[in-house]
Amino acid sequence: MIITVNLYYTGTNGSAKKFAQEMESSGTADKIRAEKGNLRYEYFFPMNDPETVLLIDSWESQEAIDIHHASPMMQTIASLREKYDLHMRVERFVSDEDYSEDKDSGFIRN
């Protein structure tokens with residue numbers, strides 16, 4: 001079961017983008033990507049909200065997320081969130097084990 005978490009970081013005066021840039025430039029994001037069970041860790045910038053950054057974070061299992069949350073890495077992330085005074089909104093999605101790409105193939109342009 002794959003778990004994907006969308007985290008929306010919102011700040012002011014470009015602080016959310018600065019947070020994402022520091023996560024990348026400091027190597028913190030790469031360390032998270034290297035953690036066992038991490039499948040995706042990517043930042044995106046919504047076109048209609050310049051003060052928000054979307055993080056798409058996917059994991060193999062709840063156990064992998066729990067290990068990540070218990071790691072010292074979370075203190076680094078929490079400190080950066082505080083530094084940039086960010087507020088968060090979270091969406092959580094669990095993979096559909098019965099899903100088949102064949103169902104949607106007619107709507108996908110390769």
# chains A, B, ... in the order shown; residues from 1 in each chain; ligands from 1
$ residues_around --residues "Leu39 (chain A)" --least-positions-apart "3" --cutoff "10 Å" --atoms "only C-alpha atoms" --output "list in words"
Ile2, Ile3, Thr4, Ile32, Arg33, Ala34, Glu35, Lys36, Asp57, Ser58, Trp59 and Glu60 of chain A
$ atom_distance --atom1 "CA of Tyr9 (chain A)" --atom2 "CA of Leu86 (chain A)"
5.9 Å
$ residues_around --residues "Arg81 (chain A)" --least-positions-apart "5" --cutoff "12 Å" --atoms "only C-alpha atoms" --output "MDAnalysis selection string"
chainID A and resid 8:11 15:20 22:23 74:76 86:88
$ write_last_selection --atoms "C-alpha atoms" --output "PDB file, in the first residue's frame"
ATOM      1  CA  TYR A   8       0.810  22.687   1.369  1.00  0.00           C
ATOM      2  CA  TYR A   9       3.233  25.117   3.011  1.00  0.00           C
ATOM      3  CA  THR A  10       1.977  28.708   3.077  1.00  0.00           C
ATOM      4  CA  GLY A  11       3.820  31.784   4.231  1.00  0.00           C
ATOM      5  CA  SER A  15       8.930  32.376   2.601  1.00  0.00           C
ATOM      6  CA  ALA A  16       7.450  29.063   1.403  1.00  0.00           C
ATOM      7  CA  LYS A  17       9.646  29.086  -1.709  1.00  0.00           C
ATOM      8  CA  LYS A  18      12.667  30.013   0.402  1.00  0.00           C
ATOM      9  CA  PHE A  19      11.892  27.052   2.673  1.00  0.00           C
ATOM     10  CA  ALA A  20      11.756  24.656  -0.297  1.00  0.00           C
ATOM     11  CA  GLU A  22      16.763  25.652   1.603  1.00  0.00           C
ATOM     12  CA  MET A  23      15.448  22.078   1.907  1.00  0.00           C
ATOM     13  CA  MET A  74      12.098  15.899  11.549  1.00  0.00           C
ATOM     14  CA  GLN A  75      13.739  18.365  13.940  1.00  0.00           C
ATOM     15  CA  THR A  76      15.596  19.893  10.988  1.00  0.00           C
ATOM     16  CA  LEU A  86       4.982  28.471   7.596  1.00  0.00           C
ATOM     17  CA  HIS A  87       1.469  27.156   8.069  1.00  0.00           C
ATOM     18  CA  MET A  88       0.455  23.783   6.697  1.00  0.00           C
TER      19      MET A  88
END
$ residues_around --residues "Asn6 (chain A)" --least-positions-apart "6" --cutoff "10 Å" --atoms "only C-alpha atoms" --output "PDB file with C-alpha atoms, in the first residue's frame"
ATOM      1  CA  TYR A  41       9.698  13.815  -2.398  1.00  0.00           C
ATOM      2  CA  GLU A  42       9.100  16.750  -4.751  1.00  0.00           C
ATOM      3  CA  TYR A  43       8.169  20.412  -4.414  1.00  0.00           C
ATOM      4  CA  LEU A  54       3.138  21.905  -2.510  1.00  0.00           C
ATOM      5  CA  LEU A  55       5.230  18.965  -1.357  1.00  0.00           C
ATOM      6  CA  ILE A  56       4.253  15.554  -2.727  1.00  0.00           C
ATOM      7  CA  ASP A  57       5.695  12.949  -0.369  1.00  0.00           C
ATOM      8  CA  SER A  58       5.097   9.219  -1.059  1.00  0.00           C
ATOM      9  CA  ARG A  89      -2.488  21.976   5.189  1.00  0.00           C
ATOM     10  CA  VAL A  90      -2.252  18.212   4.669  1.00  0.00           C
ATOM     11  CA  GLU A  91      -4.021  15.745   2.371  1.00  0.00           C
ATOM     12  CA  ARG A  92      -3.377  12.013   2.642  1.00  0.00           C
ATOM     13  CA  PHE A  93      -4.032   9.410  -0.064  1.00  0.00           C
TER      14      PHE A  93
END
$ atom_distance --atom1 "CA of Lys103 (chain A)" --atom2 "CA of Met1 (chain A)"
19.5 Å
$ closest_residue --among "A:Pro46, A:Ser26, A:Glu51, A:Arg109" --to "Tyr84 (chain A)" --atoms "only C-alpha atoms"
A:Glu51
$ select_by_dssp --residues "chain A" --states "helix (DSSP H, G or I)" --output "MDAnalysis selection string"
chainID A and resid 15:25 28:33 62:69 73:83 101:103 105:107
$ write_last_selection --atoms "C-alpha atoms" --output "JSON list (two decimals), in the first residue's frame"
[["chain", "number", "residue", "atom", "x", "y", "z"],
["A", 15, "SER", "CA", 8.93, 32.38, 2.60],
["A", 16, "ALA", "CA", 7.45, 29.06, 1.40],
["A", 17, "LYS", "CA", 9.65, 29.09, -1.71],
["A", 18, "LYS", "CA", 12.67, 30.01, 0.40],
["A", 19, "PHE", "CA", 11.89, 27.05, 2.67],
["A", 20, "ALA", "CA", 11.76, 24.66, -0.30],
["A", 21, "GLN", "CA", 14.97, 26.13, -1.72],
["A", 22, "GLU", "CA", 16.76, 25.65, 1.60],
["A", 23, "MET", "CA", 15.45, 22.08, 1.91],
["A", 24, "GLU", "CA", 16.99, 21.38, -1.50],
["A", 25, "SER", "CA", 20.22, 23.38, -1.22],
["A", 28, "THR", "CA", 17.87, 17.74, 3.52],
["A", 29, "ALA", "CA", 15.44, 16.83, 0.72],
["A", 30, "ASP", "CA", 17.99, 14.43, -0.79],
["A", 31, "LYS", "CA", 18.49, 12.77, 2.60],
["A", 32, "ILE", "CA", 14.74, 12.21, 2.85],
["A", 33, "ARG", "CA", 14.64, 10.81, -0.69],
["A", 62, "GLN", "CA", 2.87, 3.65, 7.28],
["A", 63, "GLU", "CA", 5.85, 2.02, 9.00],
["A", 64, "ALA", "CA", 8.24, 3.90, 6.70],
["A", 65, "ILE", "CA", 6.47, 7.18, 7.50],
["A", 66, "ASP", "CA", 6.60, 6.44, 11.23],
["A", 67, "ILE", "CA", 10.36, 5.77, 11.05],
["A", 68, "HIS", "CA", 10.82, 9.03, 9.11],
["A", 69, "HIS", "CA", 8.74, 10.95, 11.68],
["A", 73, "MET", "CA", 15.49, 14.76, 10.26],
["A", 74, "MET", "CA", 12.10, 15.90, 11.55],
["A", 75, "GLN", "CA", 13.74, 18.37, 13.94],
["A", 76, "THR", "CA", 15.60, 19.89, 10.99],
["A", 77, "ILE", "CA", 12.35, 20.21, 9.04],
["A", 78, "ALA", "CA", 10.46, 21.61, 12.04],
["A", 79, "SER", "CA", 13.20, 24.20, 12.61],
["A", 80, "LEU", "CA", 13.01, 25.33, 8.99],
["A", 81, "ARG", "CA", 9.21, 25.55, 9.13],
["A", 82, "GLU", "CA", 9.58, 27.75, 12.20],
["A", 83, "LYS", "CA", 12.35, 29.83, 10.61],
["A", 101, "GLU", "CA", -3.96, 1.68, -15.72],
["A", 102, "ASP", "CA", -5.97, 0.01, -18.48],
["A", 103, "LYS", "CA", -9.07, 1.77, -17.12],
["A", 105, "SER", "CA", -5.33, 4.44, -20.85],
["A", 106, "GLY", "CA", -7.79, 5.94, -23.33],
["A", 107, "PHE", "CA", -7.48, 9.32, -21.62]]
$ closest_residue --among "A:Val5, A:Asp85, A:Asn13, A:Thr52" --to "Asn38 (chain A)" --atoms "only C-alpha atoms"
A:Val5
$ closest_residue --among "A:Gly14, A:Glu97, A:Gly27, A:Ile108" --to "Phe45 (chain A)" --atoms "only C-alpha atoms"
A:Gly14
$ select_by_dssp --residues "chain A" --states "strand (DSSP E or B)" --output "ChimeraX atom specification"
/A:3-10,38-44,52-59,87-94
$ write_last_selection --atoms "N, CA and C atoms" --output "PDB file, in the first residue's frame"
ATOM      1  N   ILE A   3       1.391   5.230   0.363  1.00  0.00           N
ATOM      2  CA  ILE A   3       0.751   6.371   1.016  1.00  0.00           C
ATOM      3  C   ILE A   3       1.391   7.637   0.464  1.00  0.00           C
ATOM      4  N   THR A   4       0.558   8.526  -0.053  1.00  0.00           N
ATOM      5  CA  THR A   4       1.038   9.806  -0.570  1.00  0.00           C
ATOM      6  C   THR A   4       0.435  10.922   0.268  1.00  0.00           C
ATOM      7  N   VAL A   5       1.298  11.828   0.690  1.00  0.00           N
ATOM      8  CA  VAL A   5       0.875  12.958   1.502  1.00  0.00           C
ATOM      9  C   VAL A   5       1.194  14.236   0.733  1.00  0.00           C
ATOM     10  N   ASN A   6       0.170  15.048   0.524  1.00  0.00           N
ATOM     11  CA  ASN A   6       0.366  16.371  -0.063  1.00  0.00           C
ATOM     12  C   ASN A   6       0.405  17.370   1.075  1.00  0.00           C
ATOM     13  N   LEU A   7       1.528  18.070   1.197  1.00  0.00           N
ATOM     14  CA  LEU A   7       1.673  19.095   2.223  1.00  0.00           C
ATOM     15  C   LEU A   7       1.744  20.453   1.534  1.00  0.00           C
ATOM     16  N   TYR A   8       0.833  21.327   1.902  1.00  0.00           N
ATOM     17  CA  TYR A   8       0.810  22.687   1.369  1.00  0.00           C
ATOM     18  C   TYR A   8       1.410  23.607   2.420  1.00  0.00           C
ATOM     19  N   TYR A   9       2.564  24.179   2.111  1.00  0.00           N
ATOM     20  CA  TYR A   9       3.233  25.117   3.011  1.00  0.00           C
ATOM     21  C   TYR A   9       2.891  26.527   2.543  1.00  0.00           C
ATOM     22  N   THR A  10       2.353  27.343   3.430  1.00  0.00           N
ATOM     23  CA  THR A  10       1.977  28.708   3.077  1.00  0.00           C
ATOM     24  C   THR A  10       2.644  29.681   4.028  1.00  0.00           C
ATOM     25  N   ASN A  38      10.988   5.698   1.070  1.00  0.00           N
ATOM     26  CA  ASN A  38      10.538   6.909   0.386  1.00  0.00           C
ATOM     27  C   ASN A  38      10.487   6.657  -1.114  1.00  0.00           C
ATOM     28  N   LEU A  39       9.363   6.997  -1.716  1.00  0.00           N
ATOM     29  CA  LEU A  39       9.177   6.798  -3.152  1.00  0.00           C
ATOM     30  C   LEU A  39       9.201   8.101  -3.934  1.00  0.00           C
ATOM     31  N   ARG A  40       8.842   9.191  -3.276  1.00  0.00           N
ATOM     32  CA  ARG A  40       8.792  10.489  -3.966  1.00  0.00           C
ATOM     33  C   ARG A  40       8.845  11.598  -2.930  1.00  0.00           C
ATOM     34  N   TYR A  41       9.610  12.634  -3.256  1.00  0.00           N
ATOM     35  CA  TYR A  41       9.698  13.815  -2.398  1.00  0.00           C
ATOM     36  C   TYR A  41       9.996  14.986  -3.329  1.00  0.00           C
ATOM     37  N   GLU A  42       8.945  15.689  -3.757  1.00  0.00           N
ATOM     38  CA  GLU A  42       9.100  16.750  -4.751  1.00  0.00           C
ATOM     39  C   GLU A  42       8.272  17.975  -4.392  1.00  0.00           C
ATOM     40  N   TYR A  43       8.850  19.140  -4.639  1.00  0.00           N
ATOM     41  CA  TYR A  43       8.169  20.412  -4.414  1.00  0.00           C
ATOM     42  C   TYR A  43       7.611  20.952  -5.724  1.00  0.00           C
ATOM     43  N   PHE A  44       6.423  21.576  -5.617  1.00  0.00           N
ATOM     44  CA  PHE A  44       5.766  22.204  -6.762  1.00  0.00           C
ATOM     45  C   PHE A  44       5.228  23.562  -6.323  1.00  0.00           C
ATOM     46  N   THR A  52       2.340  29.751  -1.660  1.00  0.00           N
ATOM     47  CA  THR A  52       2.218  28.363  -1.238  1.00  0.00           C
ATOM     48  C   THR A  52       3.144  27.473  -2.052  1.00  0.00           C
ATOM     49  N   VAL A  53       3.691  26.473  -1.384  1.00  0.00           N
ATOM     50  CA  VAL A  53       4.485  25.429  -2.026  1.00  0.00           C
ATOM     51  C   VAL A  53       3.810  24.099  -1.699  1.00  0.00           C
ATOM     52  N   LEU A  54       3.698  23.233  -2.704  1.00  0.00           N
ATOM     53  CA  LEU A  54       3.138  21.905  -2.510  1.00  0.00           C
ATOM     54  C   LEU A  54       4.275  20.892  -2.477  1.00  0.00           C
ATOM     55  N   LEU A  55       4.301  20.079  -1.440  1.00  0.00           N
ATOM     56  CA  LEU A  55       5.230  18.965  -1.357  1.00  0.00           C
ATOM     57  C   LEU A  55       4.433  17.685  -1.562  1.00  0.00           C
ATOM     58  N   ILE A  56       4.836  16.876  -2.539  1.00  0.00           N
ATOM     59  CA  ILE A  56       4.253  15.554  -2.727  1.00  0.00           C
ATOM     60  C   ILE A  56       5.263  14.558  -2.172  1.00  0.00           C
ATOM     61  N   ASP A  57       4.836  13.823  -1.153  1.00  0.00           N
ATOM     62  CA  ASP A  57       5.695  12.949  -0.369  1.00  0.00           C
ATOM     63  C   ASP A  57       5.049  11.561  -0.342  1.00  0.00           C
ATOM     64  N   SER A  58       5.670  10.563  -0.991  1.00  0.00           N
ATOM     65  CA  SER A  58       5.097   9.219  -1.059  1.00  0.00           C
ATOM     66  C   SER A  58       5.993   8.199  -0.373  1.00  0.00           C
ATOM     67  N   TRP A  59       5.348   7.242   0.285  1.00  0.00           N
ATOM     68  CA  TRP A  59       6.043   6.224   1.071  1.00  0.00           C
ATOM     69  C   TRP A  59       5.462   4.853   0.795  1.00  0.00           C
ATOM     70  N   HIS A  87       2.673  27.850   7.635  1.00  0.00           N
ATOM     71  CA  HIS A  87       1.469  27.156   8.069  1.00  0.00           C
ATOM     72  C   HIS A  87       1.225  26.037   7.075  1.00  0.00           C
ATOM     73  N   MET A  88       0.575  24.968   7.539  1.00  0.00           N
ATOM     74  CA  MET A  88       0.455  23.783   6.697  1.00  0.00           C
ATOM     75  C   MET A  88      -0.990  23.310   6.583  1.00  0.00           C
ATOM     76  N   ARG A  89      -1.258  22.716   5.429  1.00  0.00           N
ATOM     77  CA  ARG A  89      -2.488  21.976   5.189  1.00  0.00           C
ATOM     78  C   ARG A  89      -2.061  20.633   4.618  1.00  0.00           C
ATOM     79  N   VAL A  90      -2.690  19.552   5.051  1.00  0.00           N
ATOM     80  CA  VAL A  90      -2.252  18.212   4.669  1.00  0.00           C
ATOM     81  C   VAL A  90      -3.404  17.415   4.061  1.00  0.00           C
ATOM     82  N   GLU A  91      -3.104  16.709   2.978  1.00  0.00           N
ATOM     83  CA  GLU A  91      -4.021  15.745   2.371  1.00  0.00           C
ATOM     84  C   GLU A  91      -3.284  14.412   2.323  1.00  0.00           C
ATOM     85  N   ARG A  92      -3.992  13.336   2.612  1.00  0.00           N
ATOM     86  CA  ARG A  92      -3.377  12.013   2.642  1.00  0.00           C
ATOM     87  C   ARG A  92      -4.161  11.077   1.715  1.00  0.00           C
ATOM     88  N   PHE A  93      -3.426  10.323   0.898  1.00  0.00           N
ATOM     89  CA  PHE A  93      -4.032   9.410  -0.064  1.00  0.00           C
ATOM     90  C   PHE A  93      -3.389   8.036   0.075  1.00  0.00           C
ATOM     91  N   VAL A  94      -4.202   7.000  -0.035  1.00  0.00           N
ATOM     92  CA  VAL A  94      -3.725   5.627   0.023  1.00  0.00           C
ATOM     93  C   VAL A  94      -3.997   4.996  -1.340  1.00  0.00           C
TER      94      VAL A  94
END
